[in-house]
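Asker: Before we start, here is the structure in question, set down as structure tokens.
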Amino acid sequence: MLENFVRHSLVETWNGLGFPEVEAEVQPATRPEHGDFSTNLALVGAKQVGIHPRELAARIVDALPGGNFANVEIAGPGFINFFLREGEIQSALRGILRAGDRFGEADIGGGKSLQIEFVSSNPTGPLTVGHGRQAVLGDVLATLYSALGYEVTREYYFNDEGRQIDLLAESLYERYLEQKVLKKAEIPVDGYAGPYLIDIARDLASENHEIDVIDFSKSKDFFRTEAVRRITKMIKDDLAQLGVKFNNWFSESTLHERGEIDKVLDRLRERGGVYEKDGAVWLRAEDNGGIKDSVLIRNDKRATYLMVDIAYHIDKYRRGFERVIDVQGADHQVEQSCVKAGLRILGLPEEFLDYAVHQFVSIKQGKQTARMSTRAGRFISLRALVEWIGPDVVRYFMIARKPESHLEFDLELARAQSLENPAYYIQYAHTRIASIFRRGDSQTTEPEKSDLSLLREPPELDLIKRLDRFPAVIKKAALEFAPHLLADYTLGLASAFHTYYSKYRVLGEDVALTRARLALVYAIQNVLHRSLEIMGMSAPEEM
RNA sequence: GCGCCCGUAGCUCAGUUGGACAGAGCAGCGGUUUCCUAAACCGCAGGCCAGAGGUUCGAAUCCUCUCGGGCGUACCA
């Protein structure tokens, strides 16, 4: 990497001058006058060394190894600006070409097993647009971490029993009666009113099941099983349509069956992590970094969601995952801090669990902005959205914003824009390059044979520098749970390519130059392809 | 009340962890097609970075307060 080249030169020089270590930055320059990279080393180091920044900068520049750079300048209050030699940039491209498909990958993970848990919506209804954000975020994070050398497992956690599921069963029962005996459905208070249960009821009614329609208590199990089975299928279909697949579907009931919950509770008790109050068992969360003490076992002896959640994470640990990332919405803040407190009490390593938190999605239709409620049946289904504007565009919109920002999905805009969409803009760059390679004859399409020193135009050098940043972008996007950085980067690369493409011809009379440009364009296509792949978008050959 | 997140161009959003004159897409206006896909390119216009203080060489970024929006503050999941 070019940045590392600058950094190494700088560190050697700094150490050679006998100065103590300081935290300084080497950054890509934001404007061409500032060269290729700049450092604030002299500004940061001035205090420690006791020399004025500009004077210190001058001493650093004097001591730099000769011939490493085309030019080095001191600017402003004491920045040092580095102008790279063309050869240095060209050789970076050589390295990128050599890395091939593996360019951008790193081995930070060292094969560690990492579980990413996301969506985890209970099977009480189809996925909403909100779940879609989480699905894409989790899926992209998973791919990013794979690129960093982690062994990644995608897991979906769901609850198929309990009060919510009982309500679901009863709601379906009412819808069934509506179909079968033409009685108007009376959806229970807090029940599920959405139209999807009508569809399921209609299917059931036409399938000739032998059910006691008079006595719900006798047919409850039937409706519960059917509701969960069919809705889970819907959810899987919705996810598949977005290109999201899970390695593992984990049912909460397995924890109950194995008695894990009692075991974990006992261990919490042994470690003094719980106390009794008002007939309930409480987690001592506040003393262990949690936001507030919370109930684990209700006064009727039933475990709370929190209790199960802690047991679930102990189970993940037992299954051998070295790290776990849970992707969750911003409404689980207290819960998250309590789970962490619980794991802390049980002595799990602090770095075992991380939460990637995202804000909500609201849907804008015209002037109205609305939040969604699965229960009330008031939501835009993920399925409808994907059918409306396509998986690629949905995925792009979902990760183009940073997770901690609210995402306002303007339906009309997303659709109206669809032809001038950033998602298509990126794909189009890929397509254009594919088209070049369809035309270029085989003599000129062997990148290894090219003389890269012919790439001397400013946009060409700029493109190489952009490509060179790709591994750093991947790394940062993963480590900071910020896939939008990749979306941004890719858009910028596509834009730089389109500009280059319209000004310069790749295929020309000059065979050597053509070869060199093909090599460049090949590397660009490779990075675009990788980026789209990580974002889960298609990389079309033709549009 | 308290906790977390957000407030940047008409709209939707970036802003490299404190750096140099604030960026992109869309919308608006004006241009570009003998030539690798015009789903493109070029140009113009658009901002007191919600507001007020503070920290220092330097603040959209850090601290305090105010205003505005979202979420949470359940023996719900």
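We name chains A, B, ... following the order of the structure tokens; residues begin at 1 in each chain, and ligands are numbered from 1 as shown.
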Sort by chain and increasing residue number a table of all residues of chain B within 9 Å of chain A, each with its closest pair of atoms and their distance in Å to one decimal, counting only C-alpha atoms (C1' of nucleotides), and write it as JSON lines.
Answerer:
{"residue": "B:G3", "atom": "C1'", "partner": "A:Ile291", "partner_atom": "CA", "distance": 8.1}
{"residue": "B:C4", "atom": "C1'", "partner": "A:Gln333", "partner_atom": "CA", "distance": 7.4}
{"residue": "B:C5", "atom": "C1'", "partner": "A:Glu404", "partner_atom": "CA", "distance": 6.5}
{"residue": "B:C6", "atom": "C1'", "partner": "A:Ser405", "partner_atom": "CA", "distance": 6.3}
{"residue": "B:U12", "atom": "C1'", "partner": "A:Glu408", "partner_atom": "CA", "distance": 7.7}
{"residue": "B:C13", "atom": "C1'", "partner": "A:Arg401", "partner_atom": "CA", "distance": 6.8}
{"residue": "B:A14", "atom": "C1'", "partner": "A:Asp488", "partner_atom": "CA", "distance": 7.3}
{"residue": "B:U16", "atom": "C1'", "partner": "A:Gln27", "partner_atom": "CA", "distance": 7.3}
{"residue": "B:G19", "atom": "C1'", "partner": "A:Asn40", "partner_atom": "CA", "distance": 7.8}
{"residue": "B:A20", "atom": "C1'", "partner": "A:Gly76", "partner_atom": "CA", "distance": 6.6}
{"residue": "B:A24", "atom": "C1'", "partner": "A:Gly492", "partner_atom": "CA", "distance": 8.5}
{"residue": "B:G25", "atom": "C1'", "partner": "A:Pro422", "partner_atom": "CA", "distance": 7.0}
{"residue": "B:C26", "atom": "C1'", "partner": "A:Gln417", "partner_atom": "CA", "distance": 7.5}
{"residue": "B:C35", "atom": "C1'", "partner": "A:Arg505", "partner_atom": "CA", "distance": 8.7}
{"residue": "B:C36", "atom": "C1'", "partner": "A:Ile436", "partner_atom": "CA", "distance": 5.0}
{"residue": "B:U37", "atom": "C1'", "partner": "A:Arg432", "partner_atom": "CA", "distance": 6.2}
{"residue": "B:A39", "atom": "C1'", "partner": "A:Leu419", "partner_atom": "CA", "distance": 6.0}
{"residue": "B:A40", "atom": "C1'", "partner": "A:His498", "partner_atom": "CA", "distance": 6.8}
{"residue": "B:C41", "atom": "C1'", "partner": "A:Ser502", "partner_atom": "CA", "distance": 6.0}
{"residue": "B:C57", "atom": "C1'", "partner": "A:Pro77", "partner_atom": "CA", "distance": 7.1}
{"residue": "B:G58", "atom": "C1'", "partner": "A:Pro77", "partner_atom": "CA", "distance": 8.7}
{"residue": "B:G70", "atom": "C1'", "partner": "A:His406", "partner_atom": "CA", "distance": 7.9}
{"residue": "B:C71", "atom": "C1'", "partner": "A:Asp331", "partner_atom": "CA", "distance": 5.6}
{"residue": "B:G72", "atom": "C1'", "partner": "A:Asp331", "partner_atom": "CA", "distance": 5.9}
{"residue": "B:U73", "atom": "C1'", "partner": "A:Val334", "partner_atom": "CA", "distance": 8.3}
{"residue": "B:C75", "atom": "C1'", "partner": "A:Arg298", "partner_atom": "CA", "distance": 4.6}
{"residue": "B:C76", "atom": "C1'", "partner": "A:Tyr305", "partner_atom": "CA", "distance": 8.7}
{"residue": "B:A77", "atom": "C1'", "partner": "A:Tyr305", "partner_atom": "CA", "distance": 6.6}
Asker: Just asking: which residues within stretch 266-478 of chain A are alpha helix (DSSP H) according to DSSP, as a PyMOL selection string?
Answerer: chain A and resi 266-270+305-318+333-345+382-389+391-400+411-416+422-439+458-478
Asker: Write out as a PyMOL selection string all residues of stretch 306-405 of chain A that DSSP puts in strand (DSSP E or B) for this structure's backbone.
Answerer: chain A and resi 323-329+353-358+361-365+368-370+373+378+381
Asker: Selected residues, C-alpha atoms, written as a PDB file, in the first residue's frame, please.
Answerer:
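After the write, again-v3.pdb holds the following:
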ATOM      1  CA  ARG A 323     -16.596 -13.778  18.714  1.00  0.00           C
ATOM      2  CA  VAL A 324     -20.226 -12.835  18.286  1.00  0.00           C
ATOM      3  CA  ILE A 325     -21.751  -9.788  16.655  1.00  0.00           C
ATOM      4  CA  ASP A 326     -25.454  -9.145  17.183  1.00  0.00           C
ATOM      5  CA  VAL A 327     -27.103  -6.775  14.780  1.00  0.00           C
ATOM      6  CA  GLN A 328     -29.973  -5.036  16.517  1.00  0.00           C
ATOM      7  CA  GLY A 329     -32.219  -2.025  16.403  1.00  0.00           C
ATOM      8  CA  LEU A 353     -19.910  -9.948  22.225  1.00  0.00           C
ATOM      9  CA  ASP A 354     -20.398  -6.779  20.194  1.00  0.00           C
ATOM     10  CA  TYR A 355     -23.613  -5.113  19.185  1.00  0.00           C
ATOM     11  CA  ALA A 356     -23.938  -3.474  15.809  1.00  0.00           C
ATOM     12  CA  VAL A 357     -26.786  -1.086  16.439  1.00  0.00           C
ATOM     13  CA  HIS A 358     -28.820   0.603  13.765  1.00  0.00           C
ATOM     14  CA  VAL A 361     -36.353   2.925   8.887  1.00  0.00           C
ATOM     15  CA  SER A 362     -39.324   5.083   8.211  1.00  0.00           C
ATOM     16  CA  ILE A 363     -41.235   5.051   5.019  1.00  0.00           C
ATOM     17  CA  LYS A 364     -42.027   8.223   3.225  1.00  0.00           C
ATOM     18  CA  GLN A 365     -44.942   8.273   0.880  1.00  0.00           C
ATOM     19  CA  GLN A 368     -46.326  11.453   4.996  1.00  0.00           C
ATOM     20  CA  THR A 369     -43.755   9.629   7.048  1.00  0.00           C
ATOM     21  CA  ALA A 370     -44.915   6.613   8.991  1.00  0.00           C
ATOM     22  CA  SER A 373     -46.264  -1.928  13.214  1.00  0.00           C
ATOM     23  CA  ARG A 378     -49.583  -1.415   9.227  1.00  0.00           C
ATOM     24  CA  SER A 381     -43.540  -5.558   3.593  1.00  0.00           C
TER      25      SER A 381
END
Asker: With distances taken over only C-alpha atoms (C1' of nucleotides), which residue among B:U33, B:U61, B:U56, B:U66 lies nearest B:U8?
Answerer: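 Under the stated criterion, the closest residue is B:U61.
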Asker: Here is a test: counting only C-alpha atoms, which residue of A:Leu168, A:Gln115, A:Glu460, A:Arg102 is nearest to A:Phe352?
Answerer: A:Gln115
Asker: Set the distance at 12 Å and use only C-alpha atoms (C1' of nucleotides): which residues neighbour B:C65 once local chain neighbours fewer than 4 positions away are removed? I'd like the list as a PyMOL selection string.
Answerer: chain B and resi 51-54
Asker: Excluding A:Tyr150 and residues on its chain fewer than 2 positions from it, collect all residues at most 12 Å away from it, counting only C-alpha atoms (C1' of nucleotides), and give them as a list of chain:residue names.
Answerer: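 Neighbouring residues, sequence-local ones excluded: A:Glu105, A:Ala106, A:Asp107, A:Ile108, A:Gly109, A:Gly110, A:Gly111, A:Lys112, A:Ser113, A:Leu114, A:Gln115, A:Ile116, A:Leu141, A:Ala142, A:Thr143, A:Leu144, A:Tyr145, A:Ser146, A:Ala147, A:Leu148, A:Val152, A:Thr153, A:Phe321, A:Glu322, A:Arg323, A:Val324, A:Ala478.
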Asker: Convert the current residue selection to file output with C-alpha atoms, as a compact mmCIF listing (two decimals), in the first residue's frame.
Answerer:
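Once everything was written out, this is result19.txt:
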# COMPACT_ATOMS: atom_id res chain seq x y z
CA GLU A 105 -8.61 -9.51 1.59
CA ALA A 106 -6.63 -9.55 4.79
CA ASP A 107 -5.91 -11.98 7.54
CA ILE A 108 -6.91 -10.10 10.62
CA GLY A 109 -9.28 -12.83 11.68
CA GLY A 110 -6.79 -15.65 11.40
CA GLY A 111 -9.57 -18.17 10.87
CA LYS A 112 -11.32 -17.28 14.14
CA SER A 113 -14.91 -18.38 14.30
CA LEU A 114 -17.31 -15.47 14.30
CA GLN A 115 -21.06 -15.64 14.55
CA ILE A 116 -23.20 -12.83 13.25
CA LEU A 141 -20.97 -7.36 7.68
CA ALA A 142 -20.75 -11.12 7.45
CA THR A 143 -19.20 -10.94 3.99
CA LEU A 144 -16.81 -8.20 5.09
CA TYR A 145 -15.58 -10.25 8.00
CA SER A 146 -15.10 -13.26 5.76
CA ALA A 147 -12.86 -11.07 3.61
CA LEU A 148 -10.85 -10.30 6.73
CA VAL A 152 -18.31 -16.53 9.68
CA THR A 153 -21.63 -18.13 10.62
CA PHE A 321 -17.64 -19.12 18.69
CA GLU A 322 -14.72 -16.91 19.56
CA ARG A 323 -16.60 -13.78 18.71
CA VAL A 324 -20.23 -12.84 18.29
CA ALA A 478 -15.92 -4.17 8.90
Asker: Distance atom CA of A:Met537-atom CA of A:Tyr489, one decimal place?
Answerer: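 Atom CA of A:Tyr489 lies 15.0 Å from atom CA of A:Met537.
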Asker: What does the distance between atom CA of A:Met307 and atom CA of A:Ile261 come to in Å, to one decimal place?
Answerer: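 Distance between the two atoms: 7.2 Å.
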Asker: Excluding stretch 238-241 of chain A and its own-chain neighbours fewer than 3 positions away, which residues fall within 9 Å of it when counting only C-alpha atoms (C1' of nucleotides)? Please give them as a PyMOL selection string.
Answerer: chain A and resi 126-127+132+135+233-235+244-245+382-383+386-387+391
Asker: Separation of atom CA of A:Gln336 and atom CA of A:Gly290, in Å?
Answerer: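 Between atom CA of A:Gln336 and atom CA of A:Gly290 the gap works out to 8.3 Å.
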Asker: Stretch 524-530 of chain A: which residues within 7 Å, counting only C-alpha atoms (C1' of nucleotides), same-chain residues fewer than 6 positions away excluded, as a list in words?
Answerer: Asp101, His430, Ile433, Leu467, Thr490 and Ala539 of chain A
